[in-house]
Structure formats: structure tokens, C-alpha cells
file upload_8.pdb (PDB, C-alpha atoms)
ATOM      1  CA  MET P   1      99.357  79.256  68.420
ATOM      2  CA  ALA P   2     100.816  76.108  66.964
ATOM      3  CA  GLN P   3     104.289  76.122  65.473
ATOM      4  CA  ASN P   4     105.784  73.118  63.663
ATOM      5  CA  GLY P   5     102.658  71.132  64.568
ATOM      6  CA  ALA P   6     103.095  71.548  68.368
ATOM      7  CA  PRO P   7     100.335  73.451  70.217
ATOM      8  CA  TYR P   8     101.489  76.221  72.531
ATOM      9  CA  LEU P   9     100.285  77.213  75.983
ATOM     10  CA  TYR P  10     100.959  80.823  76.933
ATOM     11  CA  ILE P  11     100.731  81.332  80.670
ATOM     12  CA  ARG P  12     101.142  84.225  83.082
ATOM     13  CA  LEU P  13     100.977  83.612  86.828
ATOM     14  CA  ARG P  14      99.064  85.993  89.060
ATOM     15  CA  ARG P  15     101.000  87.711  91.835
ATOM     16  CA  LYS P  16      98.536  86.542  94.486
ATOM     17  CA  ALA P  17      95.560  84.224  94.644
ATOM     18  CA  SER P  18      93.156  83.046  97.332
ATOM     19  CA  VAL P  19      91.417  79.748  97.946
ATOM     20  CA  ARG P  20      89.047  78.586 100.645
ATOM     21  CA  LYS P  21      90.473  76.152 103.189
ATOM     22  CA  GLY P  22      89.869  72.553 102.104
ATOM     23  CA  ALA P  23      89.324  73.434  98.406
ATOM     24  CA  VAL P  24      91.600  72.320  95.589
ATOM     25  CA  VAL P  25      93.639  74.845  93.613
ATOM     26  CA  LYS P  26      92.875  74.940  89.894
ATOM     27  CA  LEU P  27      95.155  76.367  87.239
ATOM     28  CA  SER P  28      92.659  79.093  86.278
ATOM     29  CA  GLN P  29      92.768  80.403  89.867
ATOM     30  CA  VAL P  30      96.502  81.091  89.800
ATOM     31  CA  ALA P  31      97.201  81.909  86.136
ATOM     32  CA  GLN P  32      95.946  83.486  82.930
ATOM     33  CA  LEU P  33      96.026  81.142  79.954
ATOM     34  CA  ILE P  34      95.998  81.357  76.170
ATOM     35  CA  VAL P  35      95.782  77.991  74.442
ATOM     36  CA  GLU P  36      94.005  76.172  71.627
ATOM     37  CA  PRO P  37      90.236  75.875  72.307
ATOM     38  CA  GLU P  38      90.316  72.076  72.639
ATOM     39  CA  TYR P  39      92.684  72.353  75.626
ATOM     40  CA  GLU P  40      91.209  75.441  77.274
ATOM     41  CA  GLN P  41      88.452  73.977  79.470
ATOM     42  CA  ALA P  42      90.536  71.037  80.706
ATOM     43  CA  LEU P  43      93.500  73.266  81.574
ATOM     44  CA  HIS P  44      91.286  75.735  83.418
ATOM     45  CA  GLU P  45      90.014  72.864  85.583
ATOM     46  CA  LEU P  46      93.452  71.228  86.005
ATOM     47  CA  ILE P  47      94.162  70.667  89.718
ATOM     48  CA  ILE P  48      97.543  72.134  90.661
ATOM     49  CA  HIS P  49      97.604  71.712  94.422
ATOM     50  CA  GLN P  50      95.597  70.297  97.313
ATOM     51  CA  PRO P  51      96.379  72.407 100.411
ATOM     52  CA  GLN P  52      97.343  70.350 103.453
ATOM     53  CA  HIS P  53      97.051  71.240 107.127
ATOM     54  CA  GLU P  54     100.829  71.641 107.445
ATOM     55  CA  ASP P  55     100.851  74.232 104.643
ATOM     56  CA  GLY P  56      99.517  76.911 106.981
ATOM     57  CA  ASN P  57      97.666  79.848 105.468
ATOM     58  CA  ARG P  58     100.163  80.662 102.702
ATOM     59  CA  VAL P  59     101.547  78.409  99.988
ATOM     60  CA  LEU P  60     104.000  79.188  97.199
ATOM     61  CA  ILE P  61     103.007  77.739  93.821
ATOM     62  CA  ASP P  62     106.121  77.568  91.663
ATOM     63  CA  MET P  63     106.105  77.623  87.868
ATOM     64  CA  MET P  64     108.026  74.338  87.755
ATOM     65  CA  LEU P  65     105.162  72.636  89.626
ATOM     66  CA  ILE P  66     102.682  73.922  87.043
ATOM     67  CA  VAL P  67     104.885  72.787  84.153
ATOM     68  CA  ARG P  68     105.090  69.283  85.635
ATOM     69  CA  LYS P  69     101.318  69.104  86.105
ATOM     70  CA  VAL P  70     100.575  70.357  82.589
ATOM     71  CA  LYS P  71     103.181  68.112  80.936
ATOM     72  CA  ALA P  72     101.888  65.073  82.814
ATOM     73  CA  ARG P  73      98.435  65.728  81.338
ATOM     74  CA  TYR P  74      99.408  67.068  77.905
ATOM     75  CA  PRO P  75     103.025  66.207  77.046
ATOM     76  CA  GLU P  76     102.617  67.590  73.521
ATOM     77  CA  LEU P  77     102.038  71.172  74.741
ATOM     78  CA  GLN P  78     104.856  73.694  74.399
ATOM     79  CA  ILE P  79     104.738  76.104  77.350
ATOM     80  CA  GLU P  80     105.660  79.780  77.098
ATOM     81  CA  HIS P  81     105.734  81.578  80.429
ATOM     82  CA  PHE P  82     105.529  85.336  81.066
ATOM     83  CA  GLY P  83     105.903  87.373  84.249
ATOM     84  CA  GLU P  84     106.555  86.125  87.773
ATOM     85  CA  PRO P  85     107.877  82.552  88.252
ATOM     86  CA  HIS P  86     105.600  81.973  91.249
ATOM     87  CA  VAL P  87     102.263  82.863  92.787
ATOM     88  CA  LEU P  88     101.596  83.319  96.494
ATOM     89  CA  LEU P  89      98.460  81.438  97.470
ATOM     90  CA  GLU P  90      96.514  82.558 100.540
ATOM     91  CA  ILE P  91      94.280  79.990 102.227
ATOM     92  CA  PHE P  92      91.376  81.622 104.039
ATOM     93  CA  THR P  93      88.526  80.495 106.239
ATOM     94  CA  ASP P  94      85.161  82.069 106.900
ATOM     95  CA  ASN P  95      85.802  84.183 109.975
ATOM     96  CA  LYS P  96      83.069  85.171 112.374
ATOM     97  CA  LYS P  97      81.896  88.767 112.263
ATOM     98  CA  ALA P  98      83.657  91.003 114.733
ATOM     99  CA  SER P  99      81.694  91.868 117.853
ATOM    100  CA  PRO P 100      80.381  95.476 117.949
ATOM    101  CA  VAL P 101      81.506  95.657 121.573
ATOM    102  CA  LEU P 102      85.056  94.671 120.597
ATOM    103  CA  ILE P 103      85.072  97.198 117.752
ATOM    104  CA  GLY P 104      83.867  99.883 120.173
ATOM    105  CA  LEU P 105      86.582  99.063 122.706
ATOM    106  CA  VAL P 106      89.313  99.159 120.045
ATOM    107  CA  TRP P 107      87.959 102.455 118.697
ATOM    108  CA  LEU P 108      87.888 103.931 122.216
ATOM    109  CA  LEU P 109      91.439 102.745 122.909
ATOM    110  CA  LEU P 110      92.745 104.275 119.678
ATOM    111  CA  PHE P 111      90.825 107.493 120.280
ATOM    112  CA  ILE P 112      92.224 107.927 123.793
ATOM    113  CA  GLY P 113      95.731 106.948 122.688
ATOM    114  CA  SER P 114      95.804 109.361 119.763
ATOM    115  CA  GLY P 115      94.328 112.130 121.936
ATOM    116  CA  LEU P 116      97.009 111.625 124.584
ATOM    117  CA  ALA P 117      99.714 111.635 121.910
ATOM    118  CA  ILE P 118      98.502 114.994 120.552
ATOM    119  CA  MET P 119      98.213 116.440 124.057
ATOM    120  CA  ASN P 120     101.706 115.293 125.021
ATOM    121  CA  PHE P 121     103.123 116.759 121.806
ATOM    122  CA  HIS P 122     101.513 120.136 122.522
ATOM    123  CA  ALA P 123     102.810 120.034 126.085
ATOM    124  CA  ASP P 124     106.340 119.276 124.848
ATOM    125  CA  VAL P 125     106.373 122.236 122.446
ATOM    126  CA  SER P 126     104.535 124.579 124.887
ATOM    127  CA  MET P 127     101.715 125.230 122.415
ATOM    128  CA  LEU P 128      99.584 127.070 125.013
ATOM    129  CA  GLN P 129     102.375 129.557 125.680
ATOM    130  CA  VAL P 130     102.831 130.029 121.916
ATOM    131  CA  HIS P 131      99.131 130.831 121.475
ATOM    132  CA  GLN P 132      99.218 133.196 124.438
ATOM    133  CA  ARG P 133     102.232 135.012 122.999
ATOM    134  CA  ILE P 134     100.711 135.265 119.505
ATOM    135  CA  TYR P 135      97.465 136.642 120.964
ATOM    136  CA  GLU P 136      99.414 139.170 123.038
ATOM    137  CA  LEU P 137     101.377 140.330 119.981
ATOM    138  CA  MET P 138      98.180 140.674 117.903
ATOM    139  CA  THR P 139      95.951 142.381 120.499
ATOM    140  CA  GLY P 140      98.297 143.780 123.098
ATOM    141  CA  LYS P 141      96.391 141.886 125.786
ATOM    142  CA  LYS P 142      97.538 138.884 127.749
ATOM    143  CA  VAL P 143      94.944 136.149 128.425
ATOM    144  CA  ASP P 144      95.208 132.646 129.855
ATOM    145  CA  HIS P 145      93.041 130.980 127.184
ATOM    146  CA  PRO P 146      93.147 132.660 123.747
ATOM    147  CA  LEU P 147      90.113 130.736 122.433
ATOM    148  CA  ILE P 148      90.050 132.730 119.190
ATOM    149  CA  LEU P 149      93.276 130.919 118.292
ATOM    150  CA  GLN P 150      92.773 127.627 120.106
ATOM    151  CA  ILE P 151      89.353 126.739 118.650
ATOM    152  CA  PRO P 152      90.309 127.213 114.946
ATOM    153  CA  TYR P 153      93.614 125.444 115.639
ATOM    154  CA  SER P 154      91.824 122.431 117.180
ATOM    155  CA  LEU P 155      89.369 122.229 114.267
ATOM    156  CA  GLY P 156      92.269 122.556 111.844
ATOM    157  CA  ILE P 157      93.990 119.526 113.367
ATOM    158  CA  GLY P 158      90.906 117.392 112.690
ATOM    159  CA  VAL P 159      90.437 118.702 109.143
ATOM    160  CA  GLY P 160      94.137 118.273 108.453
ATOM    161  CA  MET P 161      94.083 114.643 109.598
ATOM    162  CA  VAL P 162      91.070 113.912 107.373
ATOM    163  CA  ILE P 163      92.793 115.479 104.350
ATOM    164  CA  PHE P 164      96.122 113.805 105.134
ATOM    165  CA  PHE P 165      94.625 110.320 105.358
ATOM    166  CA  ASN P 166      92.254 111.011 102.432
ATOM    167  CA  HIS P 167      89.346 109.355 104.238
ATOM    168  CA  LEU P 168      86.139 110.407 105.946
ATOM    169  CA  PHE P 169      84.651 107.176 107.264
ATOM    170  CA  LYS P 170      84.360 105.100 104.020
ATOM    171  CA  LYS P 171      84.509 108.059 101.641
ATOM    172  CA  LYS P 172      87.713 108.932  99.757
ATOM    173  CA  PHE P 173      88.214 112.402  98.323
ATOM    174  CA  ASN P 174      90.335 111.238  95.381
ATOM    175  CA  GLU P 175      91.945 108.108  93.945
ATOM    176  CA  GLU P 176      95.367 108.738  95.456
ATOM    177  CA  PRO P 177      96.388 106.222  98.140
ATOM    178  CA  SER P 178      96.616 107.585 101.645
ATOM    179  CA  PRO P 179      99.862 107.352 103.664
ATOM    180  CA  LEU P 180      98.252 104.638 105.787
ATOM    181  CA  GLU P 181      97.339 102.622 102.679
ATOM    182  CA  LEU P 182     100.891 102.973 101.372
ATOM    183  CA  GLU P 183     102.336 101.791 104.671
ATOM    184  CA  MET P 184      99.961  98.810 104.742
ATOM    185  CA  PHE P 185     100.894  98.008 101.137
ATOM    186  CA  MET P 186     104.615  98.099 101.913
ATOM    187  CA  TYR P 187     104.045  95.989 105.029
ATOM    188  CA  GLN P 188     102.141  93.379 102.993
ATOM    189  CA  GLU P 189     104.812  93.406 100.282
ATOM    190  CA  ASN P 190     107.511  92.751 102.899
ATOM    191  CA  ILE P 191     105.474  89.873 104.326
ATOM    192  CA  ASN P 192     104.994  88.387 100.852
ATOM    193  CA  HIS P 193     108.705  88.713 100.079
ATOM    194  CA  TYR P 194     109.593  86.995 103.353
ATOM    195  CA  VAL P 195     107.105  84.152 102.778
ATOM    196  CA  ILE P 196     108.324  83.616  99.203
ATOM    197  CA  THR P 197     111.955  83.493 100.351
ATOM    198  CA  GLU P 198     111.116  81.031 103.132
ATOM    199  CA  GLU P 199     109.090  78.805 100.796
ATOM    200  CA  TYR P 200     111.894  78.715  98.227
ATOM    201  CA  MET P 201     114.326  77.725 100.969
ATOM    202  CA  LYS P 202     111.983  74.873 101.945
ATOM    203  CA  ILE P 203     111.671  73.735  98.333
ATOM    204  CA  HIS P 204     115.442  73.875  97.916
ATOM    205  CA  SER P 205     116.116  71.955 101.149
ATOM    206  CA  GLU P 206     113.517  69.314 100.237
ATOM    207  CA  GLY P 207     115.132  68.913  96.828
ATOM    208  CA  GLU P 208     118.577  68.431  98.390
ATOM    209  CA  SER P 209     117.257  65.855 100.894
ATOM    210  CA  LYS P 210     115.884  63.780  98.034
TER     211      LYS P 210
END

call {"tool": "encode", "arguments": {"input": "upload_8.pdb", "output": "C-alpha cells"}}
result
Amino acid sequence: MAQNGAPYLYIRLRRKASVRKGAVVKLSQVAQLIVEPEYEQALHELIIHQPQHEDGNRVLIDMMLIVRKVKARYPELQIEHFGEPHVLLEIFTDNKKASPVLIGLVWLLLFIGSGLAIMNFHADVSMLQVHQRIYELMTGKKVDHPLILQIPYSLGIGVGMVIFFNHLFKKKFNEEPSPLELEMFMYQENINHYVITEEYMKIHSEGESK
């Protein structure tokens, strides 16, 4: 890893990293490193950032900051960087466990809301009249409540939702992400993109003010 007598540091930043509020950020927490053994331990423990109160719960660690920190400690190192030029650092605190009563109220609210949505949809498309007409065509009799159709249909809605979301409580049927997981992933990606853009604008404006 040394060319022309100069030792090399090969570094790849992680896309995301997390650190507890009040703790320092070390290089090993935000990057993967390949370097000569005599530098490895010190670089792993190298402090890159000390989160401040005004940083909020997300901080952008730029590659240029890491280069400055490494060069200040080991000016002889030649740095080769791969991958993303930044890492988004999330600062977390130990949150209290959610109250079972609160969880129950949220579950009840979602249950009632989703039930009303399904009922309103069936009212809009006149599902009862459709079942009555299908039953009449199949049997020649007209009834107000064709339960032989309504009961399997109701069970099928539940089974279909379980299969669609690929979850039954904590159990997944296969490794494919569910539509809800994909939506949450895209939502988080959009948040990360927004935060990164905002942080770069702050860095740029601070650089111009200096």
C-alpha cells in the first residue's frame, strides 16, 4: 500500500451512521479503512466531529473534513477515496418505551379508520348489490344478504392484505420488501437527500462568509 515511499490510506465512507447524543464521532464509525498496520488503530480512533447542540439530530460529514483531520495528524499519508463524498450522521438519544395504552389507542384508531375506508369504498361501488346480483344469477333466487358470497369475500380481503404487505405480525413470508417498506424507504431517501442538500448549502454559505 505504499508507492514511492508514501503510505496510502484507502477510505470508503458509509452512507449513514449513528452516534449517541453527547458522544464523539470517530473515523471508524463513518468509514471503512485500509491502511498500513502502524496507522490502523490510531486512525480508527481519530475523532472527526464533536456534535453540538445546534447540529440537531442530523449532521453531514464531508470527505474534505475527514481529509483535513487525517492530514493534520499524518501529513505523509496519501488518501484514496472511493464511493460517496459524504456520510449522513444521525444523532440519537435513548427514548422511553412507548406506553401500551398509547399503542392500543393508535392501533384502535388505525383499525377503525381502515375499516371505515373499506366500508365507504364498498358503498361507493355498490358491492352489496353486486353480490346480490351474482347470487341471483347463480341460484335464480334473490336474497338480501348472500352470505355464501359475502363471508368468503370478507375473509379474502384480510388474506389479500396479509399477502400484499408480506407480513403477519412480525413474520415475513419471503425476503421481498413489502409495498409499505418500499414507501418508507423512498420517504427516508427523500429526507436524506433533502438534509444533504441543506447541509451542503450551509457549508457553502459558511465558506463564502469567511

call {"tool": "residues_near_point", "arguments": {"input": "upload_8.pdb", "point": "(98.0, 84.0, 96.3)", "cutoff": "10 Å", "atoms": "all atoms listed in the file", "output": "number ranges by chain"}}
result
P: 13-19, 29-30, 58-61, 86-91, 192

call {"tool": "closest_residue", "arguments": {"input": "upload_8.pdb", "among": "P:Pro177, P:Pro85, P:Gly156, P:Pro51", "to": "Lys26 of chain P", "atoms": "only C-alpha atoms"}}
result
P:Pro51

call {"tool": "residues_around", "arguments": {"input": "upload_8.pdb", "residues": "segment 39-50 of chain P", "least_positions_apart": "4", "cutoff": "7 Å", "atoms": "only C-alpha atoms", "output": "list in words"}}
result
Val24, Val25, Lys26, Leu27, Ser28, Val35, Ile66 and Lys69 of chain P

call {"tool": "closest_residue", "arguments": {"input": "upload_8.pdb", "among": "P:Ser99, P:Leu147, P:Leu109, P:Lys202", "to": "Tyr135 of chain P", "atoms": "all atoms listed in the file"}}
result
P:Leu147

call {"tool": "atom_distance", "arguments": {"input": "upload_8.pdb", "atom1": "atom CA of Phe173 of chain P", "atom2": "atom CA of Ile103 of chain P"}}
result
24.9 Å

call {"tool": "resolve_selection", "arguments": {"input": "upload_8.pdb", "expression": "the PyMOL selection byres ((chain P and resi 121-127) around 12)", "output": "list of chain:residue names"}}
result
P:Ser114, P:Gly115, P:Leu116, P:Ala117, P:Ile118, P:Met119, P:Asn120, P:Leu128, P:Gln129, P:Val130, P:His131, P:Gln132, P:Arg133, P:Ile134, P:His145, P:Pro146, P:Leu149, P:Gln150, P:Tyr153, P:Ser154, P:Ile157

call {"tool": "atom_distance", "arguments": {"input": "upload_8.pdb", "atom1": "atom CA of Gly104 of chain P", "atom2": "atom CA of Gln188 of chain P"}}
result
25.9 Å

call {"tool": "atom_distance", "arguments": {"input": "upload_8.pdb", "atom1": "atom CA of Gln32 of chain P", "atom2": "atom CA of Phe185 of chain P"}}
result
23.8 Å

call {"tool": "axis_aligned_box", "arguments": {"input": "upload_8.pdb", "around": "segment 145-150 of chain P", "padding_each_side": "3 Å", "output": "lines of an AutoDock Vina configuration file"}}
result
center_x = 91.7
center_y = 130.2
center_z = 122.7
size_x = 9.2
size_y = 11.1
size_z = 14.9

call {"tool": "decode", "arguments": {"input": "upload_8.pdb", "residues": "segment 96-145 of chain P", "atoms": "C-alpha atoms", "output": "mmCIF file, in the first residue's frame"}}
result
data_model
loop_
_atom_site.group_PDB
_atom_site.id
_atom_site.type_symbol
_atom_site.label_atom_id
_atom_site.label_comp_id
_atom_site.auth_asym_id
_atom_site.auth_seq_id
_atom_site.Cartn_x
_atom_site.Cartn_y
_atom_site.Cartn_z
ATOM 1 C CA LYS P 96 -38.527 5.985 26.685
ATOM 2 C CA LYS P 97 -40.519 2.881 25.836
ATOM 3 C CA ALA P 98 -43.881 3.621 24.304
ATOM 4 C CA SER P 99 -46.855 3.263 26.620
ATOM 5 C CA PRO P 100 -49.016 0.160 25.955
ATOM 6 C CA VAL P 101 -52.084 2.364 26.354
ATOM 7 C CA LEU P 102 -50.819 4.740 23.655
ATOM 8 C CA ILE P 103 -50.007 1.827 21.345
ATOM 9 C CA GLY P 104 -53.508 0.435 21.921
ATOM 10 C CA LEU P 105 -55.152 3.773 21.133
ATOM 11 C CA VAL P 106 -53.137 4.185 17.921
ATOM 12 C CA TRP P 107 -53.947 0.608 16.890
ATOM 13 C CA LEU P 108 -57.657 1.192 17.569
ATOM 14 C CA LEU P 109 -57.622 4.450 15.599
ATOM 15 C CA LEU P 110 -55.950 2.801 12.605
ATOM 16 C CA PHE P 111 -58.273 -0.193 12.798
ATOM 17 C CA ILE P 112 -61.408 1.965 12.816
ATOM 18 C CA GLY P 113 -60.042 4.252 10.100
ATOM 19 C CA SER P 114 -59.099 1.412 7.769
ATOM 20 C CA GLY P 115 -62.441 -0.312 8.424
ATOM 21 C CA LEU P 116 -64.362 2.851 7.555
ATOM 22 C CA ALA P 117 -62.286 3.298 4.399
ATOM 23 C CA ILE P 118 -63.129 -0.237 3.223
ATOM 24 C CA MET P 119 -66.804 0.226 4.082
ATOM 25 C CA ASN P 120 -67.009 3.545 2.243
ATOM 26 C CA PHE P 121 -65.315 2.013 -0.803
ATOM 27 C CA HIS P 122 -67.833 -0.843 -0.887
ATOM 28 C CA ALA P 123 -70.690 1.623 -0.511
ATOM 29 C CA ASP P 124 -69.347 3.720 -3.403
ATOM 30 C CA VAL P 125 -69.149 0.737 -5.767
ATOM 31 C CA SER P 126 -72.446 -0.811 -4.519
ATOM 32 C CA MET P 127 -70.749 -4.076 -3.543
ATOM 33 C CA LEU P 128 -73.870 -5.405 -1.762
ATOM 34 C CA GLN P 129 -75.953 -5.009 -4.913
ATOM 35 C CA VAL P 130 -73.202 -6.732 -6.927
ATOM 36 C CA HIS P 131 -73.209 -9.719 -4.559
ATOM 37 C CA GLN P 132 -76.998 -9.866 -4.644
ATOM 38 C CA ARG P 133 -76.991 -9.847 -8.446
ATOM 39 C CA ILE P 134 -74.272 -12.517 -8.692
ATOM 40 C CA TYR P 135 -76.166 -14.743 -6.239
ATOM 41 C CA GLU P 136 -79.386 -14.255 -8.209
ATOM 42 C CA LEU P 137 -77.656 -15.183 -11.479
ATOM 43 C CA MET P 138 -76.085 -18.302 -9.908
ATOM 44 C CA THR P 139 -79.123 -19.606 -7.985
ATOM 45 C CA GLY P 140 -82.114 -17.906 -9.527
ATOM 46 C CA LYS P 141 -83.117 -16.633 -6.089
ATOM 47 C CA LYS P 142 -82.971 -13.096 -4.803
ATOM 48 C CA VAL P 143 -81.832 -12.606 -1.180
ATOM 49 C CA ASP P 144 -80.935 -9.525 0.843
ATOM 50 C CA HIS P 145 -77.734 -10.975 2.344
#
